[in-house]
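Trainee: Structure supplied as upload24.tsv; contents: TSV, C-alpha atoms.
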```
chain	number	residue	atom	x	y	z
F	1	MET	CA	-33.56	71.58	-19.85
F	2	ALA	CA	-36.28	68.90	-19.57
F	3	LEU	CA	-34.52	66.93	-22.30
F	4	GLU	CA	-31.28	67.12	-20.32
F	5	ARG	CA	-33.02	65.82	-17.14
F	6	ASP	CA	-34.63	62.96	-19.08
F	7	GLN	CA	-31.25	62.03	-20.51
F	8	ARG	CA	-29.70	61.99	-17.01
F	9	ILE	CA	-32.47	59.71	-15.77
F	10	SER	CA	-31.93	57.36	-18.73
F	11	GLU	CA	-28.23	57.20	-17.90
F	12	VAL	CA	-28.95	56.45	-14.24
F	13	VAL	CA	-31.42	53.70	-15.19
F	14	LYS	CA	-28.90	52.10	-17.57
F	15	ARG	CA	-26.10	52.35	-15.02
F	16	GLU	CA	-27.99	51.14	-11.93
F	17	GLN	CA	-30.65	48.79	-13.31
F	18	SER	CA	-28.65	45.57	-13.14
F	19	ARG	CA	-27.26	46.15	-9.63
F	20	LEU	CA	-30.63	47.28	-8.32
F	21	ARG	CA	-32.43	44.30	-9.86
F	22	ASN	CA	-29.92	41.90	-8.27
F	23	PHE	CA	-30.28	43.67	-4.92
F	24	ILE	CA	-34.07	43.30	-5.04
F	25	ARG	CA	-34.06	39.69	-6.30
F	26	ARG	CA	-31.83	38.60	-3.42
F	27	ARG	CA	-34.49	39.85	-1.01
F	28	VAL	CA	-37.72	39.09	-2.87
F	29	PRO	CA	-38.34	35.45	-3.83
F	30	ASP	CA	-41.02	36.05	-6.48
F	31	PRO	CA	-39.39	37.39	-9.69
F	32	ARG	CA	-42.62	39.20	-10.64
F	33	ASP	CA	-42.68	41.04	-7.31
F	34	ALA	CA	-39.00	41.89	-7.74
F	35	GLU	CA	-39.62	43.32	-11.21
F	36	ASP	CA	-42.59	45.33	-9.93
F	37	ILE	CA	-40.45	46.83	-7.18
F	38	LEU	CA	-37.72	47.71	-9.67
F	39	GLN	CA	-40.26	49.52	-11.85
F	40	GLU	CA	-41.69	51.34	-8.81
F	41	VAL	CA	-38.23	52.55	-7.83
F	42	PHE	CA	-37.57	53.97	-11.28
F	43	TYR	CA	-41.06	55.46	-11.38
F	44	GLU	CA	-40.32	57.28	-8.12
F	45	LEU	CA	-37.06	58.53	-9.61
F	46	VAL	CA	-38.93	59.99	-12.58
F	47	GLU	CA	-41.53	61.55	-10.26
F	48	ALA	CA	-38.83	63.06	-8.04
F	49	ASN	CA	-37.19	64.47	-11.14
F	50	ARG	CA	-40.47	65.98	-12.38
F	51	LEU	CA	-41.06	67.59	-9.00
F	52	LEU	CA	-37.49	68.90	-9.10
F	53	MET	CA	-36.61	67.19	-5.84
F	54	PRO	CA	-32.87	67.42	-5.22
F	55	ILE	CA	-31.27	63.99	-4.89
F	56	GLU	CA	-27.65	64.23	-3.86
F	57	HIS	CA	-26.56	60.59	-3.82
F	58	ILE	CA	-28.72	58.99	-6.48
F	59	THR	CA	-27.43	55.43	-6.02
F	60	GLY	CA	-28.01	55.49	-2.27
F	61	TRP	CA	-31.45	57.04	-2.83
F	62	LEU	CA	-32.42	54.28	-5.30
F	63	PHE	CA	-31.38	51.51	-2.93
F	64	ARG	CA	-33.17	53.18	0.00
F	65	VAL	CA	-36.38	53.41	-2.06
F	66	ALA	CA	-35.95	49.75	-3.07
F	67	ARG	CA	-35.53	48.70	0.58
F	68	ASN	CA	-38.67	50.64	1.50
F	69	ARG	CA	-40.69	48.99	-1.29
F	70	ILE	CA	-39.45	45.55	-0.23
F	71	THR	CA	-40.51	46.30	3.35
F	72	ASP	CA	-43.91	47.46	2.08
F	73	LEU	CA	-44.31	44.23	0.11
F	74	PHE	CA	-43.64	42.02	3.12
F	75	ARG	CA	-45.92	44.10	5.34
F	76	LYS	CA	-48.77	43.55	2.88
F	77	LYS	CA	-48.29	39.81	2.72
F	78	THR	CA	-49.63	37.81	5.61
F	79	PRO	CA	-48.46	34.28	6.16
F	80	GLU	CA	-50.62	31.87	4.22
F	81	SER	CA	-52.01	28.95	6.07
F	82	PHE	CA	-52.63	25.62	4.41
F	83	SER	CA	-55.98	25.53	6.17
F	84	ASP	CA	-57.08	28.74	4.40
F	85	THR	CA	-58.55	26.53	1.68
F	86	VAL	CA	-60.71	24.63	4.13
F	87	ILE	CA	-64.45	25.25	3.96
F	88	PRO	CA	-66.45	26.53	6.92
F	89	ASP	CA	-68.95	24.32	8.74
F	90	GLU	CA	-72.63	25.17	9.30
F	91	ASP	CA	-71.72	27.61	12.11
F	92	GLY	CA	-69.14	29.40	9.98
F	93	GLU	CA	-66.24	27.84	11.90
F	94	PRO	CA	-63.36	26.62	9.73
F	95	LEU	CA	-63.07	22.88	9.36
F	96	GLN	CA	-59.66	21.39	10.01
F	97	ILE	CA	-58.04	18.75	7.80
F	98	GLU	CA	-59.13	16.16	10.35
F	99	ASP	CA	-62.74	17.35	9.98
F	100	LEU	CA	-62.67	16.75	6.23
F	101	LEU	CA	-61.31	13.24	6.51
F	102	PRO	CA	-63.72	10.35	6.90
F	103	SER	CA	-64.00	9.12	10.48
F	104	PRO	CA	-61.77	6.15	11.23
F	105	TYR	CA	-64.79	4.60	12.99
F	106	ALA	CA	-67.25	4.87	10.07
F	107	GLY	CA	-66.55	1.46	8.62
F	108	PRO	CA	-64.04	-0.14	6.25
F	109	GLU	CA	-64.80	2.11	3.25
F	110	ALA	CA	-64.34	5.28	5.28
F	111	LEU	CA	-61.18	3.91	6.83
F	112	TYR	CA	-59.81	3.09	3.37
F	113	ALA	CA	-60.70	6.57	2.03
F	114	ARG	CA	-59.10	8.20	5.06
F	115	ARG	CA	-55.92	6.17	4.63
F	116	MET	CA	-55.75	7.08	0.92
F	117	LEU	CA	-56.22	10.78	1.63
F	118	LEU	CA	-53.57	10.81	4.33
F	119	GLU	CA	-51.17	8.99	2.01
F	120	GLU	CA	-51.75	11.60	-0.72
F	121	LEU	CA	-51.13	14.40	1.75
F	122	GLU	CA	-47.95	12.70	2.95
F	123	LEU	CA	-46.75	12.21	-0.65
F	124	ALA	CA	-47.49	15.84	-1.47
F	125	ILE	CA	-45.53	17.02	1.59
F	126	ASP	CA	-42.66	14.70	0.65
F	127	GLU	CA	-42.51	16.32	-2.81
F	128	LEU	CA	-41.66	19.68	-1.29
F	129	PRO	CA	-38.06	20.86	-1.27
F	130	GLN	CA	-36.50	20.09	2.12
F	131	GLU	CA	-36.41	23.70	3.36
F	132	GLN	CA	-40.07	24.29	2.45
F	133	ARG	CA	-41.13	20.96	3.94
F	134	GLU	CA	-39.35	21.66	7.24
F	135	VAL	CA	-40.98	25.08	7.62
F	136	PHE	CA	-44.43	23.79	6.62
F	137	VAL	CA	-44.30	20.82	9.02
F	138	ALA	CA	-42.93	22.93	11.88
F	139	HIS	CA	-45.56	25.67	11.49
F	140	GLU	CA	-48.67	23.78	10.38
F	141	LEU	CA	-48.27	20.40	12.04
F	142	GLU	CA	-46.10	21.16	15.07
F	143	GLY	CA	-47.58	24.63	15.70
F	144	ARG	CA	-44.22	26.38	16.01
F	145	SER	CA	-43.94	30.13	15.43
F	146	PHE	CA	-41.81	31.73	12.75
F	147	LYS	CA	-39.90	33.71	15.40
F	148	GLU	CA	-39.09	30.50	17.25
F	149	MET	CA	-37.85	28.81	14.06
F	150	ALA	CA	-35.81	31.88	13.10
F	151	ALA	CA	-34.12	31.92	16.51
F	152	GLU	CA	-33.27	28.23	16.23
F	153	THR	CA	-32.05	28.17	12.64
F	154	GLY	CA	-30.65	31.67	12.16
F	155	VAL	CA	-32.80	32.01	9.03
F	156	SER	CA	-34.78	35.26	8.82
F	157	VAL	CA	-38.51	35.29	9.48
F	158	ASN	CA	-39.11	36.67	5.96
F	159	THR	CA	-37.23	33.76	4.41
F	160	LEU	CA	-39.21	31.28	6.50
F	161	LEU	CA	-42.47	33.00	5.50
F	162	SER	CA	-41.46	32.77	1.87
F	163	ARG	CA	-40.61	29.08	2.12
F	164	LYS	CA	-43.93	28.38	3.82
F	165	ARG	CA	-45.80	30.36	1.16
F	166	TYR	CA	-44.26	28.32	-1.66
F	167	ALA	CA	-45.01	25.09	0.21
F	168	VAL	CA	-48.65	26.08	0.65
F	169	LEU	CA	-48.99	27.04	-3.01
F	170	HIS	CA	-47.54	23.70	-4.09
F	171	LEU	CA	-49.73	21.69	-1.73
F	172	ARG	CA	-52.86	23.56	-2.75
F	173	GLU	CA	-52.19	22.87	-6.40
F	174	ARG	CA	-51.17	19.26	-5.82
F	175	LEU	CA	-54.20	18.47	-3.64
F	176	ARG	CA	-56.77	20.58	-5.50
F	177	SER	CA	-58.52	17.60	-7.13
F	178	ILE	CA	-58.81	15.78	-3.80
F	179	TYR	CA	-60.12	18.94	-2.14
F	180	ASP	CA	-62.68	19.37	-4.92
F	181	GLU	CA	-63.86	15.79	-4.43
F	182	LEU	CA	-64.19	16.27	-0.68
F	183	THR	CA	-66.19	19.49	-1.02
F	184	LYS	CA	-68.57	17.95	-3.58
F	185	ALA	CA	-69.67	15.26	-1.12
```
The structure given in the file should be rewritten as structure tokens.
Mentor:
Amino acid sequence: MALERDQRISEVVKREQSRLRNFIRRRVPDPRDAEDILQEVFYELVEANRLLMPIEHITGWLFRVARNRITDLFRKKTPESFSDTVIPDEDGEPLQIEDLLPSPYAGPEALYARRMLLEELELAIDELPQEQREVFVAHELEGRSFKEMAAETGVSVNTLLSRKRYAVLHLRERLRSIYDELTKA
């Protein structure tokens, strides 16, 4: 009897794996997260089977579990801010990008360094794909909310969050050496 149940589960996994993976990947931008969710869904199927839980419409049940895991994933993730990498000042308050740049009034060397840093930041932002760049600039530089952008563009908040996340990751990596130099001083 247990062998028969295991065989049924194997058949369900073979039959539904491709469709379920595609369903998850369309909603989850990170392929590793998508694969983790897929594995969690099948793990829950095995657990339900072991506990002898009756599942009438297995395909619908699998997709419902997948939707729930996707929702859980996005609830866990908070929007990343570019300024999260900024160091705190003596009072523990976070320094803004402007605070890390040399003062424009500190002489020609400081003005040159400031100009170079701003140019690097601008180049790094320009390297972003257009959709990521637009979301990053709107949220970080213009201070617009994700809900506001979603209402204007018709793009979901989750998609905007994802685009912003990838932009932040790229900018952090691209500007890491400059950041390290600034924090050494």
Trainee: Mind pulling up the distance from atom CA of F:Lys14 to atom CA of F:Thr71?
Mentor: 24.6 Å
Trainee: Could you tell me which of F:Leu20, F:Ala34, F:Leu118, F:Leu160 comes closest to F:Leu62 if we count all atoms listed in the file?
Mentor: F:Leu20
Trainee: Box time for stretch 135-150 of chain F: axis-aligned, enclosing all its listed atoms, 3 Å extra on each side; report centre and edge lengths in Å to one decimal, as lines of an AutoDock Vina configuration file.
Mentor:
```
center_x = -42.2
center_y = 27.1
center_z = 11.9
size_x = 18.9
size_y = 19.3
size_z = 16.6
```
Trainee: Calculated over only C-alpha atoms, which of the candidates F:Phe74, F:Phe42, F:Tyr166, F:Phe23 has the smallest distance to F:Gln132?
Mentor: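 Ranked by minimum distance to F:Gln132, first place goes to F:Tyr166.
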Trainee: Could you work out how far atom CA of F:Val28 lies from atom CA of F:Ala124, giving the answer in Å with one decimal?
Mentor: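 These two atoms are separated by 25.3 Å.
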Trainee: In Å, how far is it from atom CA of F:Pro129 to atom CA of F:Ser145?
Mentor: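 Separation between atom CA of F:Pro129 and atom CA of F:Ser145: 20.0 Å.
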